[in-house]
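Beneath this line is the structure, given in structure tokens, with notes to follow.
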Amino acid sequence: MTDHYFDNNLVNLHYYKFGSGPKAMLCFHGYGMHGKQFKLLESNLGDKYTFYGFDLFFHKETKLKDQSLPNIKKGITKDELAAFITDFCRHEEIERFSVIGYSMGTHYAAIVTEELGELVDEYIVAAPSCLEPGKLIRFFSKNKTGNKILEKVALSDKALLSMLKLFKSFRFISSQEYDILFKEIGTAELRFNFYACFTYLRFLETDEPRLLNALQTNNIKSIFIFGSRDKSFPARIGDKFIPKVANSEVIILNEGHEMIKKDFVTSLTGALL
């Protein structure tokens with residue numbers, strides 16, 4: 001595995017390359033993770049794919065050129081994300097690619113497929129929050145009042161921790177979600193990144209008819225992966241959308257939300273080889 005930077009007018013992107021196969025796979029990790037999250041796939045699939053694992057916006061070494069609060073509040077549009085991916089592919093001389101995303105990363109994967117479906121071979125999403133992010137995420141990202149509340153509490157030393165505890169007590173979030181989020185707000189920088197992810201990415205909401213059209217028109221092989229014990233994004237969130245996708249497969253793992261493990265690799269390998 002090697003690490004690299006791609007610098008353009010939007011961002012200085014840090015990413016990893018692993019595998020040596022002829023097909024390209026763009027990898028979009030979950031919240032609080034990094035570009036190495038899918039490294040486990042190299043052992044089984046590295047002969048078929050070269051993987052490009054991004055540190056996504058507000059994670060690890062990737063930095064926007066303008067990380068000011070006004071720019072974050074402005075947000076990134078679907079067109080801008082697609083243009084960025086197009087620039088990256090030109091930089092790496094990638095003509096076609098597959099996408100894989102986990103949890104938060106599935107929003108990136110869905111929008112890239114919506115916008116650039118003619119270039120996509122395979123669409124793989126695990127714990128696909130892009131299908132149903134939940135009322136709380138929509139409230140804090142897209143609702144003006146909700147986002148203002150999030151700004152106040154996220155940029156406070158103690159308020160965000162108190163809010164998380166309150167949400168857990170009222171069962172707005174599960175214990176699993178609480179534990180994940182608690183680890184990600186321990187410092188002022190992490191709390192800022194937490195707010196920035198909700199706010200900057202708020203326009204990356206899946207347009208299901210448009211995504212379906214991209215998948216169908218381009219006959220993109222689609223794989224949806226769920227954890228049977230994942231209370232955050234259970235398999236039922238795909239009940240309306242997935243049956244409409246002709247070239248699709250559903251994989252249910254005996255896992256909770258954190259599922260990128262050995263069984264994930266084994267099951268995905270079986271679906272791709």
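Going through the structure tokens in order, the chains are called A, B, and so on, while each chain numbers its residues from 1 and the ligands are numbered from 1 in the order shown.
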Within 6 Å of segment 103-121 of chain A: each segment 143-260 of chain A residue with its shortest pair, only C-alpha atoms, as a Markdown table:
| residue | atom | partner | partner_atom | distance |
| --- | --- | --- | --- | --- |
| A:Leu211 | CA | A:Glu114 | CA | 4.8 |
| A:Ala214 | CA | A:Gly117 | CA | 5.2 |
| A:Asn218 | CA | A:Glu118 | CA | 6.0 |
| A:Ile220 | CA | A:Asp121 | CA | 5.4 |
Strand (DSSP E) per DSSP on the backbone: members of segment 58-233 of chain A, as an MDAnalysis selection string: chainID A and resid 63:64 97:102 120:126 221:227
Distance criterion (only C-alpha atoms): nearest to Asn143 of chain A out of A:Thr50, A:Asn9, A:Ser68, A:Thr199: A:Thr199
Considering only C-alpha atoms, return as a compact mmCIF listing (two decimals) with C-alpha atoms, in the first residue's frame whatever protein or nucleic-acid residues lie within 10 Å of Lys23 of chain A, sequence-local ones (same chain, fewer than 6 positions apart) excluded.
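Listing of out-v5.txt after writing:
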# COMPACT_ATOMS: atom_id res chain seq x y z
CA GLY A 46 -6.10 -7.18 -5.21
CA ASP A 47 -5.46 -9.11 -8.44
CA LYS A 48 -8.73 -7.83 -9.93
CA TYR A 49 -8.77 -4.26 -8.59
CA THR A 50 -6.53 -1.35 -7.80
CA PHE A 51 -8.18 0.34 -4.83
CA ILE A 94 -8.77 6.11 -14.66
CA GLU A 95 -11.28 5.66 -17.49
CA ARG A 96 -13.86 3.53 -15.65
CA PHE A 97 -14.30 2.55 -12.03
CA SER A 98 -16.39 0.81 -9.41
CA ASP A 121 -19.06 -0.73 -13.40
DSSP helix (DSSP H, G or I) selection over segment 106-260 of chain A, as number ranges by chain: A: 106-119, 135-142, 144-154, 159-169, 175-182, 188-200, 208-217, 235-238, 242-244
Nearby residues (only C-alpha atoms) at most 10 Å from segment 135-138 of chain A, same-chain spacing under 2 positions excluded, as an MDAnalysis selection string: chainID A and resid 132:133 140:143 146:147 167 172:173 198 202 205
List as JSON lines every residue of segment 64-143 of chain A that is in contact with segment 246-249 of chain A, defined as an atom at most 10 Å from one of its atoms (using only C-alpha atoms), together with the nearest atom pair and the distance in Å rounded to one decimal, sorted by chain and then rising number.
{"residue": "A:Glu122", "atom": "CA", "partner": "A:Ser248", "partner_atom": "CA", "distance": 9.9}
{"residue": "A:Tyr123", "atom": "CA", "partner": "A:Ser248", "partner_atom": "CA", "distance": 9.2}
{"residue": "A:Ile124", "atom": "CA", "partner": "A:Glu249", "partner_atom": "CA", "distance": 9.6}
Close residues, Val265 of chain A itself excluded, 12 Å, only C-alpha atoms, min 2 positions apart in chain, as JSON, numbers by chain: {"A": [37, 38, 39, 40, 41, 42, 43, 44, 45, 46, 126, 225, 251, 253, 259, 260, 261, 262, 263, 267, 268, 269, 270, 271, 272, 273]}
Pull C-alpha atoms from the residues just selected and write them as an mmCIF file, in the first residue's frame.
data_model
loop_
_atom_site.group_PDB
_atom_site.id
_atom_site.type_symbol
_atom_site.label_atom_id
_atom_site.label_comp_id
_atom_site.auth_asym_id
_atom_site.auth_seq_id
_atom_site.Cartn_x
_atom_site.Cartn_y
_atom_site.Cartn_z
ATOM 1 C CA GLN A 37 -10.791 1.019 5.899
ATOM 2 C CA PHE A 38 -11.129 -1.309 2.906
ATOM 3 C CA LYS A 39 -7.495 -2.491 2.970
ATOM 4 C CA LEU A 40 -8.775 -5.957 3.979
ATOM 5 C CA LEU A 41 -10.102 -6.414 0.436
ATOM 6 C CA GLU A 42 -6.624 -6.457 -1.066
ATOM 7 C CA SER A 43 -5.839 -10.033 -0.024
ATOM 8 C CA ASN A 44 -8.779 -11.496 -1.964
ATOM 9 C CA LEU A 45 -9.435 -8.918 -4.652
ATOM 10 C CA GLY A 46 -6.095 -7.185 -5.206
ATOM 11 C CA ALA A 126 -22.549 -1.400 3.102
ATOM 12 C CA ILE A 225 -24.646 -5.214 2.351
ATOM 13 C CA ILE A 251 -25.838 -9.675 1.442
ATOM 14 C CA LEU A 253 -23.863 -10.453 7.483
ATOM 15 C CA MET A 259 -18.990 -4.845 9.704
ATOM 16 C CA ILE A 260 -15.833 -4.327 7.639
ATOM 17 C CA LYS A 261 -14.245 -7.560 8.834
ATOM 18 C CA LYS A 262 -13.231 -10.987 7.545
ATOM 19 C CA ASP A 263 -16.787 -12.144 6.754
ATOM 20 C CA SER A 267 -18.943 -12.503 1.160
ATOM 21 C CA LEU A 268 -18.042 -9.632 -1.137
ATOM 22 C CA THR A 269 -15.369 -11.716 -2.828
ATOM 23 C CA GLY A 270 -17.983 -14.366 -3.604
ATOM 24 C CA ALA A 271 -20.213 -11.735 -5.198
ATOM 25 C CA LEU A 272 -17.466 -10.180 -7.320
ATOM 26 C CA LEU A 273 -15.442 -13.156 -8.550
#
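The residue that comes closest to Lys165 of chain A, out of A:Asp179, A:Lys244, A:Leu69, A:Tyr31 and on the basis of only C-alpha atoms, is A:Asp179.
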Within 9 Å of Ile72 of chain A using only C-alpha atoms, minus same-chain residues under 4 positions, as a PyMOL selection string: chain A and resi 66-68+76+196-197+199-201
With N, CA and C atoms retained, could you export that selection as a PDB file, in the first residue's frame?
ATOM      1  N   ASP A  66     -10.361  25.754   1.669  1.00  0.00           N
ATOM      2  CA  ASP A  66     -11.014  26.761   2.504  1.00  0.00           C
ATOM      3  C   ASP A  66     -11.868  26.041   3.544  1.00  0.00           C
ATOM      4  N   GLN A  67     -11.341  25.915   4.754  1.00  0.00           N
ATOM      5  CA  GLN A  67     -12.080  25.250   5.828  1.00  0.00           C
ATOM      6  C   GLN A  67     -12.715  26.261   6.780  1.00  0.00           C
ATOM      7  N   SER A  68     -12.990  27.453   6.268  1.00  0.00           N
ATOM      8  CA  SER A  68     -13.644  28.464   7.082  1.00  0.00           C
ATOM      9  C   SER A  68     -15.104  28.089   7.311  1.00  0.00           C
ATOM     10  N   ILE A  76     -21.068  21.624  -0.338  1.00  0.00           N
ATOM     11  CA  ILE A  76     -20.629  21.146  -1.650  1.00  0.00           C
ATOM     12  C   ILE A  76     -21.834  20.576  -2.394  1.00  0.00           C
ATOM     13  N   ALA A 196     -18.886  19.967  10.675  1.00  0.00           N
ATOM     14  CA  ALA A 196     -18.593  20.196   9.258  1.00  0.00           C
ATOM     15  C   ALA A 196     -19.144  19.080   8.380  1.00  0.00           C
ATOM     16  N   CYS A 197     -19.051  17.832   8.832  1.00  0.00           N
ATOM     17  CA  CYS A 197     -19.563  16.710   8.037  1.00  0.00           C
ATOM     18  C   CYS A 197     -21.072  16.831   7.822  1.00  0.00           C
ATOM     19  N   THR A 199     -22.830  19.536   7.894  1.00  0.00           N
ATOM     20  CA  THR A 199     -23.197  20.767   7.205  1.00  0.00           C
ATOM     21  C   THR A 199     -22.700  20.813   5.766  1.00  0.00           C
ATOM     22  N   TYR A 200     -21.421  20.516   5.553  1.00  0.00           N
ATOM     23  CA  TYR A 200     -20.826  20.631   4.233  1.00  0.00           C
ATOM     24  C   TYR A 200     -21.411  19.624   3.254  1.00  0.00           C
ATOM     25  N   LEU A 201     -21.821  18.460   3.757  1.00  0.00           N
ATOM     26  CA  LEU A 201     -22.290  17.380   2.887  1.00  0.00           C
ATOM     27  C   LEU A 201     -23.810  17.314   2.777  1.00  0.00           C
TER      28      LEU A 201
END
Distance query Arg191 of chain A at most 12 Å, only C-alpha atoms, self and fewer than 6 positions along chain excluded, as a list in words: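 Contacts, with the query itself left out: Gly32, Phe58, His59, Leu150, Glu151, Lys152, Val153, Ala154, Leu155, Ser156, Asp157, Lys158, Ala159, Leu160, Leu161, Leu181, Phe182, Lys183, Glu184, Ile185, Cys197 and Phe198 of chain A.
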Emit the selected residues as a CSV table (one decimal), in the first residue's frame, including N, CA, C and O atoms.
chain,number,residue,atom,x,y,z
A,32,GLY,N,-15.5,8.9,10.8
A,32,GLY,CA,-14.5,8.7,11.8
A,32,GLY,C,-13.4,7.7,11.4
A,32,GLY,O,-12.5,7.4,12.1
A,58,PHE,N,-12.8,16.3,6.0
A,58,PHE,CA,-12.8,16.5,7.4
A,58,PHE,C,-12.3,15.2,8.1
A,58,PHE,O,-12.7,15.0,9.3
A,59,HIS,N,-11.5,14.4,7.5
A,59,HIS,CA,-11.0,13.2,8.0
A,59,HIS,C,-9.5,13.1,7.8
A,59,HIS,O,-9.1,13.3,6.6
A,150,LEU,N,-27.0,22.6,16.1
A,150,LEU,CA,-25.8,21.7,16.0
A,150,LEU,C,-24.5,22.6,16.1
A,150,LEU,O,-23.5,22.2,16.7
A,151,GLU,N,-24.5,23.7,15.4
A,151,GLU,CA,-23.4,24.6,15.4
A,151,GLU,C,-23.1,25.1,16.8
A,151,GLU,O,-21.9,25.1,17.2
A,152,LYS,N,-24.1,25.5,17.5
A,152,LYS,CA,-23.9,26.0,18.9
A,152,LYS,C,-23.3,24.9,19.8
A,152,LYS,O,-22.4,25.1,20.6
A,153,VAL,N,-23.9,23.7,19.7
A,153,VAL,CA,-23.5,22.6,20.7
A,153,VAL,C,-22.2,22.0,20.2
A,153,VAL,O,-21.4,21.6,21.1
A,154,ALA,N,-22.0,21.9,18.9
A,154,ALA,CA,-20.7,21.2,18.4
A,154,ALA,C,-19.5,22.0,18.7
A,154,ALA,O,-18.4,21.5,19.0
A,155,LEU,N,-19.6,23.3,18.7
A,155,LEU,CA,-18.5,24.2,18.9
A,155,LEU,C,-18.4,24.6,20.4
A,155,LEU,O,-17.6,25.4,20.8
A,156,SER,N,-19.1,23.9,21.2
A,156,SER,CA,-19.1,24.1,22.7
A,156,SER,C,-18.3,23.0,23.3
A,156,SER,O,-18.3,21.8,22.8
A,157,ASP,N,-17.6,23.2,24.4
A,157,ASP,CA,-16.8,22.2,25.1
A,157,ASP,C,-17.6,21.0,25.6
A,157,ASP,O,-17.2,19.9,25.6
A,158,LYS,N,-18.8,21.3,26.2
A,158,LYS,CA,-19.5,20.3,26.9
A,158,LYS,C,-20.9,20.0,26.3
A,158,LYS,O,-21.5,18.9,26.5
A,159,ALA,N,-21.5,20.9,25.5
A,159,ALA,CA,-22.9,20.8,25.1
A,159,ALA,C,-23.1,19.6,24.2
A,159,ALA,O,-24.1,18.9,24.3
A,160,LEU,N,-22.2,19.2,23.3
A,160,LEU,CA,-22.4,18.1,22.4
A,160,LEU,C,-22.4,16.8,23.2
A,160,LEU,O,-23.2,15.9,22.9
A,161,LEU,N,-21.5,16.7,24.2
A,161,LEU,CA,-21.5,15.4,25.0
A,161,LEU,C,-22.9,15.3,25.7
A,161,LEU,O,-23.4,14.2,25.8
A,181,LEU,N,-20.1,7.7,18.1
A,181,LEU,CA,-20.0,9.2,18.1
A,181,LEU,C,-19.2,9.7,19.3
A,181,LEU,O,-18.5,10.7,19.1
A,182,PHE,N,-19.3,9.1,20.4
A,182,PHE,CA,-18.6,9.6,21.6
A,182,PHE,C,-17.1,9.6,21.4
A,182,PHE,O,-16.4,10.5,21.8
A,183,LYS,N,-16.6,8.6,20.6
A,183,LYS,CA,-15.1,8.5,20.3
A,183,LYS,C,-14.7,9.6,19.4
A,183,LYS,O,-13.5,9.9,19.3
A,184,GLU,N,-15.7,10.2,18.7
A,184,GLU,CA,-15.3,11.2,17.6
A,184,GLU,C,-15.5,12.7,18.0
A,184,GLU,O,-15.3,13.5,17.2
A,185,ILE,N,-15.8,12.9,19.3
A,185,ILE,CA,-16.0,14.3,19.7
A,185,ILE,C,-15.2,14.7,20.9
A,185,ILE,O,-15.5,15.7,21.6
A,197,CYS,N,-19.1,17.8,8.8
A,197,CYS,CA,-19.6,16.7,8.0
A,197,CYS,C,-21.1,16.8,7.8
A,197,CYS,O,-21.6,16.6,6.7
A,198,PHE,N,-21.8,17.1,8.9
A,198,PHE,CA,-23.2,17.3,8.7
A,198,PHE,C,-23.6,18.4,7.8
A,198,PHE,O,-24.5,18.3,6.9
Selected residue, from A:His34, A:Lys73, A:Lys60, A:Lys78, that lies nearest to Leu204 of chain A when counting only C-alpha atoms: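 Looking at the shortest contact to Leu204 of chain A, the residue is A:Lys78.
For the pair atom CA of Ala235 of chain A and atom CA of Leu131 of chain A, the separation is 10.3 Å.
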